[in-house]
Amino acid sequence: MKKMMTICLLAAAAAMLAACAKKEEPAAETTKAAPIPYETYATVVDENAQGPGGISVVDAYKNYPEDKKPAETEAAVQVRYFYVGKDGIHGDFDVIEGKTECTAEDLIALLEDDGVLTEGSAVISYDSKNGGEAEIELSAMDPVFDYVTPEDLSQAIANTLCENLDLDQVTIKVGDKIYGPLKFKK
């Protein structure tokens, strides 16, 4: 009799557990969004273009539908600037906002903003001559880092000016010191 009661209790407990267990419903089918039929935005560089240094940004939105293209923004010009690292002169890209063409003043201000020159390195005069030569006089030309020599810094400035202003050579004057004429050098 005890066996029978134990079996009945176990059967009742199993029935209660089965009744309390949640019934799994079939998983709802998820739908994946269709892939976007146009290119995802990225900076697109055309190596064969005729821009500064032979590189120009091309229309990255050319395959976008008209309603997906970004609105026109304020004018900006992409420039390539140079700086002195511990292992030599390096180049990088930046943008000058609000301009369609850059000037020597814009480039020197960009070099200050990007930490190549200390603040106060203003352009006193800039004279561009025929044949791709230019002279620039700066109020100061102080490097940000101790390991940068004035000669290396003047070469980085000359590279920046030659690259963006289509110059062959630049002479840089700072006080009574003259650097140059300097040609583009890697």
# chains A, B, ... in the order shown; residues from 1 in each chain; ligands from 1
>>> residues_around(residues="Tyr81 (chain A)", least_positions_apart="4", cutoff="7 Å", atoms="only C-alpha atoms", output="number ranges by chain")
A: 91-93, 160
>>> residues_around(residues="Tyr179 (chain A)", least_positions_apart="5", cutoff="8 Å", atoms="only C-alpha atoms", output="list of chain:residue names")
A:Glu151, A:Ser154, A:Thr171, A:Ile172, A:Lys173
>>> residues_around(residues="Asp127 (chain A)", least_positions_apart="2", cutoff="10 Å", atoms="only C-alpha atoms", output="list of chain:residue names")
A:Ala104, A:Ser125, A:Lys129, A:Glu133, A:Ala134, A:Glu135, A:Ile136, A:Glu137, A:Val170, A:Thr171
>>> write_last_selection(atoms="C-alpha atoms", output="short mmCIF file (atom, residue, chain, number, x, y, z; two decimals), in the first residue's frame")
data_model
loop_
_atom_site.label_atom_id
_atom_site.label_comp_id
_atom_site.auth_asym_id
_atom_site.auth_seq_id
_atom_site.Cartn_x
_atom_site.Cartn_y
_atom_site.Cartn_z
CA ALA A 104 49.61 80.60 -47.59
CA SER A 125 54.29 88.59 -46.23
CA LYS A 129 56.66 84.77 -58.52
CA GLU A 133 58.81 80.31 -56.86
CA ALA A 134 57.61 81.98 -53.67
CA GLU A 135 58.96 83.80 -50.65
CA ILE A 136 57.18 83.75 -47.32
CA GLU A 137 58.08 85.70 -44.20
CA VAL A 170 59.90 78.27 -51.44
CA THR A 171 62.20 80.57 -49.50
#
>>> atom_distance(atom1="CA of Ser128 (chain A)", atom2="CA of Val174 (chain A)")
17.0 Å
>>> select_by_dssp(residues="region 91-139 of chain A", states="strand (DSSP E or B)", output="PyMOL selection string")
chain A and resi 91-97+117+123-129+133-138
>>> write_last_selection(atoms="N, CA, C and O atoms", output="compact mmCIF listing (two decimals), in the first residue's frame")
# COMPACT_ATOMS: atom_id res chain seq x y z
N GLY A 91 53.43 63.08 -44.17
CA GLY A 91 52.31 63.84 -44.70
C GLY A 91 50.99 63.33 -44.17
O GLY A 91 50.86 62.17 -43.79
N ASP A 92 50.00 64.22 -44.15
CA ASP A 92 48.66 63.86 -43.72
C ASP A 92 47.68 64.78 -44.44
O ASP A 92 48.09 65.77 -45.04
N PHE A 93 46.40 64.46 -44.37
CA PHE A 93 45.38 65.27 -45.01
C PHE A 93 44.53 65.98 -43.97
O PHE A 93 44.33 65.47 -42.88
N ASP A 94 44.03 67.15 -44.33
CA ASP A 94 43.11 67.90 -43.48
C ASP A 94 42.22 68.73 -44.40
O ASP A 94 42.41 68.74 -45.62
N VAL A 95 41.27 69.41 -43.81
CA VAL A 95 40.32 70.21 -44.57
C VAL A 95 40.32 71.63 -44.03
O VAL A 95 40.31 71.83 -42.81
N ILE A 96 40.33 72.60 -44.92
CA ILE A 96 40.17 74.00 -44.54
C ILE A 96 38.72 74.35 -44.83
O ILE A 96 38.29 74.34 -46.00
N GLU A 97 37.95 74.62 -43.78
CA GLU A 97 36.52 74.89 -43.91
C GLU A 97 36.27 76.31 -44.42
O GLU A 97 37.02 77.23 -44.11
N LEU A 117 53.34 73.86 -35.77
CA LEU A 117 53.95 75.11 -35.33
C LEU A 117 53.29 75.57 -34.04
O LEU A 117 52.11 75.30 -33.82
N VAL A 123 51.82 84.83 -40.91
CA VAL A 123 52.46 85.22 -42.17
C VAL A 123 52.56 86.74 -42.19
O VAL A 123 51.55 87.44 -42.09
N ILE A 124 53.78 87.25 -42.32
CA ILE A 124 53.99 88.70 -42.45
C ILE A 124 53.83 89.10 -43.90
O ILE A 124 53.16 90.08 -44.23
N SER A 125 54.44 88.31 -44.80
CA SER A 125 54.29 88.59 -46.23
C SER A 125 54.44 87.29 -47.01
O SER A 125 55.10 86.35 -46.57
N TYR A 126 53.79 87.28 -48.16
CA TYR A 126 53.88 86.14 -49.07
C TYR A 126 53.94 86.70 -50.48
O TYR A 126 53.09 87.50 -50.87
N ASP A 127 54.96 86.29 -51.23
CA ASP A 127 55.12 86.79 -52.60
C ASP A 127 55.35 85.59 -53.50
O ASP A 127 56.35 84.88 -53.36
N SER A 128 54.43 85.39 -54.43
CA SER A 128 54.56 84.31 -55.40
C SER A 128 55.04 84.90 -56.71
O SER A 128 54.49 85.87 -57.21
N LYS A 129 56.08 84.29 -57.27
CA LYS A 129 56.66 84.77 -58.52
C LYS A 129 56.32 83.81 -59.65
O LYS A 129 55.89 82.69 -59.42
N GLU A 133 57.99 79.95 -58.01
CA GLU A 133 58.81 80.31 -56.86
C GLU A 133 58.02 81.22 -55.94
O GLU A 133 57.20 82.01 -56.39
N ALA A 134 58.30 81.12 -54.64
CA ALA A 134 57.61 81.98 -53.67
C ALA A 134 58.53 82.28 -52.51
O ALA A 134 59.44 81.51 -52.20
N GLU A 135 58.27 83.42 -51.88
CA GLU A 135 58.96 83.80 -50.65
C GLU A 135 57.89 84.06 -49.60
O GLU A 135 56.88 84.72 -49.88
N ILE A 136 58.12 83.54 -48.41
CA ILE A 136 57.18 83.75 -47.32
C ILE A 136 57.97 84.21 -46.11
O ILE A 136 59.05 83.68 -45.83
N GLU A 137 57.46 85.22 -45.42
CA GLU A 137 58.08 85.70 -44.20
C GLU A 137 57.11 85.42 -43.05
O GLU A 137 55.95 85.81 -43.10
N LEU A 138 57.64 84.74 -42.03
CA LEU A 138 56.84 84.37 -40.87
C LEU A 138 57.29 85.16 -39.65
O LEU A 138 58.46 85.49 -39.51
>>> atom_distance(atom1="CA of Val84 (chain A)", atom2="CA of Ala109 (chain A)")
16.6 Å
>>> closest_residue(among="A:Lys183, A:Lys177, A:His90, A:Arg80", to="Leu110 (chain A)", atoms="only C-alpha atoms")
A:Arg80
>>> atom_distance(atom1="CA of Gly115 (chain A)", atom2="CA of Val144 (chain A)")
6.5 Å
>>> closest_residue(among="A:Ile108, A:Asp176, A:Lys185, A:Asn164", to="Val77 (chain A)", atoms="only C-alpha atoms")
A:Asn164
>>> decode(residues="region 107-119 of chain A", atoms="all heavy atoms", output="PDB file, in the first residue's frame")
ATOM      1  N   LEU A 107      47.297  77.901 -44.826  1.00  0.00           N
ATOM      2  CA  LEU A 107      48.150  76.735 -44.580  1.00  0.00           C
ATOM      3  C   LEU A 107      48.974  76.885 -43.306  1.00  0.00           C
ATOM      4  O   LEU A 107      49.114  75.929 -42.542  1.00  0.00           O
ATOM      5  CB  LEU A 107      49.054  76.482 -45.786  1.00  0.00           C
ATOM      6  CG  LEU A 107      48.318  76.048 -47.059  1.00  0.00           C
ATOM      7  CD1 LEU A 107      49.256  76.062 -48.255  1.00  0.00           C
ATOM      8  CD2 LEU A 107      47.692  74.680 -46.878  1.00  0.00           C
ATOM      9  N   ILE A 108      49.482  78.082 -43.047  1.00  0.00           N
ATOM     10  CA  ILE A 108      50.244  78.310 -41.814  1.00  0.00           C
ATOM     11  C   ILE A 108      49.312  78.191 -40.607  1.00  0.00           C
ATOM     12  O   ILE A 108      49.676  77.591 -39.587  1.00  0.00           O
ATOM     13  CB  ILE A 108      50.960  79.679 -41.851  1.00  0.00           C
ATOM     14  CG1 ILE A 108      52.000  79.703 -42.991  1.00  0.00           C
ATOM     15  CG2 ILE A 108      51.607  79.994 -40.505  1.00  0.00           C
ATOM     16  CD1 ILE A 108      53.086  78.646 -42.903  1.00  0.00           C
ATOM     17  N   ALA A 109      48.096  78.722 -40.719  1.00  0.00           N
ATOM     18  CA  ALA A 109      47.114  78.584 -39.630  1.00  0.00           C
ATOM     19  C   ALA A 109      46.769  77.107 -39.397  1.00  0.00           C
ATOM     20  O   ALA A 109      46.625  76.668 -38.249  1.00  0.00           O
ATOM     21  CB  ALA A 109      45.855  79.390 -39.946  1.00  0.00           C
ATOM     22  N   LEU A 110      46.662  76.337 -40.471  1.00  0.00           N
ATOM     23  CA  LEU A 110      46.389  74.901 -40.350  1.00  0.00           C
ATOM     24  C   LEU A 110      47.542  74.190 -39.638  1.00  0.00           C
ATOM     25  O   LEU A 110      47.321  73.329 -38.784  1.00  0.00           O
ATOM     26  CB  LEU A 110      46.165  74.285 -41.730  1.00  0.00           C
ATOM     27  CG  LEU A 110      45.973  72.781 -41.738  1.00  0.00           C
ATOM     28  CD1 LEU A 110      44.497  72.472 -41.537  1.00  0.00           C
ATOM     29  CD2 LEU A 110      46.476  72.182 -43.018  1.00  0.00           C
ATOM     30  N   LEU A 111      48.781  74.564 -39.968  1.00  0.00           N
ATOM     31  CA  LEU A 111      49.938  73.963 -39.310  1.00  0.00           C
ATOM     32  C   LEU A 111      49.951  74.289 -37.812  1.00  0.00           C
ATOM     33  O   LEU A 111      50.349  73.455 -37.002  1.00  0.00           O
ATOM     34  CB  LEU A 111      51.238  74.421 -39.980  1.00  0.00           C
ATOM     35  CG  LEU A 111      51.467  73.908 -41.409  1.00  0.00           C
ATOM     36  CD1 LEU A 111      52.722  74.532 -41.998  1.00  0.00           C
ATOM     37  CD2 LEU A 111      51.537  72.403 -41.457  1.00  0.00           C
ATOM     38  N   GLU A 112      49.487  75.486 -37.446  1.00  0.00           N
ATOM     39  CA  GLU A 112      49.354  75.816 -36.025  1.00  0.00           C
ATOM     40  C   GLU A 112      48.272  74.960 -35.372  1.00  0.00           C
ATOM     41  O   GLU A 112      48.482  74.400 -34.305  1.00  0.00           O
ATOM     42  CB  GLU A 112      48.971  77.291 -35.848  1.00  0.00           C
ATOM     43  CG  GLU A 112      50.103  78.247 -35.994  1.00  0.00           C
ATOM     44  CD  GLU A 112      49.662  79.681 -35.730  1.00  0.00           C
ATOM     45  OE1 GLU A 112      48.496  79.934 -35.356  1.00  0.00           O
ATOM     46  OE2 GLU A 112      50.504  80.551 -35.907  1.00  0.00           O
ATOM     47  N   ASP A 113      47.128  74.871 -36.037  1.00  0.00           N
ATOM     48  CA  ASP A 113      46.004  74.105 -35.481  1.00  0.00           C
ATOM     49  C   ASP A 113      46.348  72.624 -35.320  1.00  0.00           C
ATOM     50  O   ASP A 113      45.877  71.980 -34.390  1.00  0.00           O
ATOM     51  CB  ASP A 113      44.761  74.232 -36.372  1.00  0.00           C
ATOM     52  CG  ASP A 113      44.171  75.631 -36.344  1.00  0.00           C
ATOM     53  OD1 ASP A 113      44.520  76.409 -35.425  1.00  0.00           O
ATOM     54  OD2 ASP A 113      43.366  75.948 -37.246  1.00  0.00           O
ATOM     55  N   ASP A 114      47.137  72.079 -36.240  1.00  0.00           N
ATOM     56  CA  ASP A 114      47.461  70.658 -36.206  1.00  0.00           C
ATOM     57  C   ASP A 114      48.716  70.357 -35.389  1.00  0.00           C
ATOM     58  O   ASP A 114      49.209  69.231 -35.391  1.00  0.00           O
ATOM     59  CB  ASP A 114      47.608  70.113 -37.627  1.00  0.00           C
ATOM     60  CG  ASP A 114      46.257  69.976 -38.315  1.00  0.00           C
ATOM     61  OD1 ASP A 114      45.220  69.986 -37.634  1.00  0.00           O
ATOM     62  OD2 ASP A 114      46.239  69.861 -39.557  1.00  0.00           O
ATOM     63  N   GLY A 115      49.263  71.363 -34.707  1.00  0.00           N
ATOM     64  CA  GLY A 115      50.374  71.130 -33.798  1.00  0.00           C
ATOM     65  C   GLY A 115      51.733  70.995 -34.443  1.00  0.00           C
ATOM     66  O   GLY A 115      52.645  70.427 -33.848  1.00  0.00           O
ATOM     67  N   VAL A 116      51.894  71.513 -35.649  1.00  0.00           N
ATOM     68  CA  VAL A 116      53.202  71.488 -36.301  1.00  0.00           C
ATOM     69  C   VAL A 116      54.004  72.710 -35.860  1.00  0.00           C
ATOM     70  O   VAL A 116      55.199  72.619 -35.594  1.00  0.00           O
ATOM     71  CB  VAL A 116      53.054  71.452 -37.837  1.00  0.00           C
ATOM     72  CG1 VAL A 116      54.406  71.490 -38.525  1.00  0.00           C
ATOM     73  CG2 VAL A 116      52.267  70.223 -38.264  1.00  0.00           C
ATOM     74  N   LEU A 117      53.343  73.861 -35.773  1.00  0.00           N
ATOM     75  CA  LEU A 117      53.954  75.115 -35.331  1.00  0.00           C
ATOM     76  C   LEU A 117      53.286  75.571 -34.039  1.00  0.00           C
ATOM     77  O   LEU A 117      52.106  75.296 -33.819  1.00  0.00           O
ATOM     78  CB  LEU A 117      53.748  76.212 -36.391  1.00  0.00           C
ATOM     79  CG  LEU A 117      54.426  76.036 -37.734  1.00  0.00           C
ATOM     80  CD1 LEU A 117      53.905  77.059 -38.731  1.00  0.00           C
ATOM     81  CD2 LEU A 117      55.930  76.207 -37.573  1.00  0.00           C
ATOM     82  N   THR A 118      54.039  76.301 -33.226  1.00  0.00           N
ATOM     83  CA  THR A 118      53.426  76.885 -32.036  1.00  0.00           C
ATOM     84  C   THR A 118      52.595  78.095 -32.448  1.00  0.00           C
ATOM     85  O   THR A 118      52.767  78.638 -33.544  1.00  0.00           O
ATOM     86  CB  THR A 118      54.501  77.326 -31.018  1.00  0.00           C
ATOM     87  OG1 THR A 118      55.360  78.271 -31.647  1.00  0.00           O
ATOM     88  CG2 THR A 118      55.284  76.150 -30.498  1.00  0.00           C
ATOM     89  N   GLU A 119      51.703  78.501 -31.562  1.00  0.00           N
ATOM     90  CA  GLU A 119      50.868  79.666 -31.862  1.00  0.00           C
ATOM     91  C   GLU A 119      51.728  80.906 -32.024  1.00  0.00           C
ATOM     92  O   GLU A 119      52.766  81.045 -31.388  1.00  0.00           O
ATOM     93  CB  GLU A 119      49.849  79.878 -30.743  1.00  0.00           C
ATOM     94  CG  GLU A 119      48.784  78.814 -30.721  1.00  0.00           C
ATOM     95  CD  GLU A 119      47.712  79.101 -29.694  1.00  0.00           C
ATOM     96  OE1 GLU A 119      47.448  80.282 -29.405  1.00  0.00           O
ATOM     97  OE2 GLU A 119      47.143  78.131 -29.190  1.00  0.00           O
TER      98      GLU A 119
END
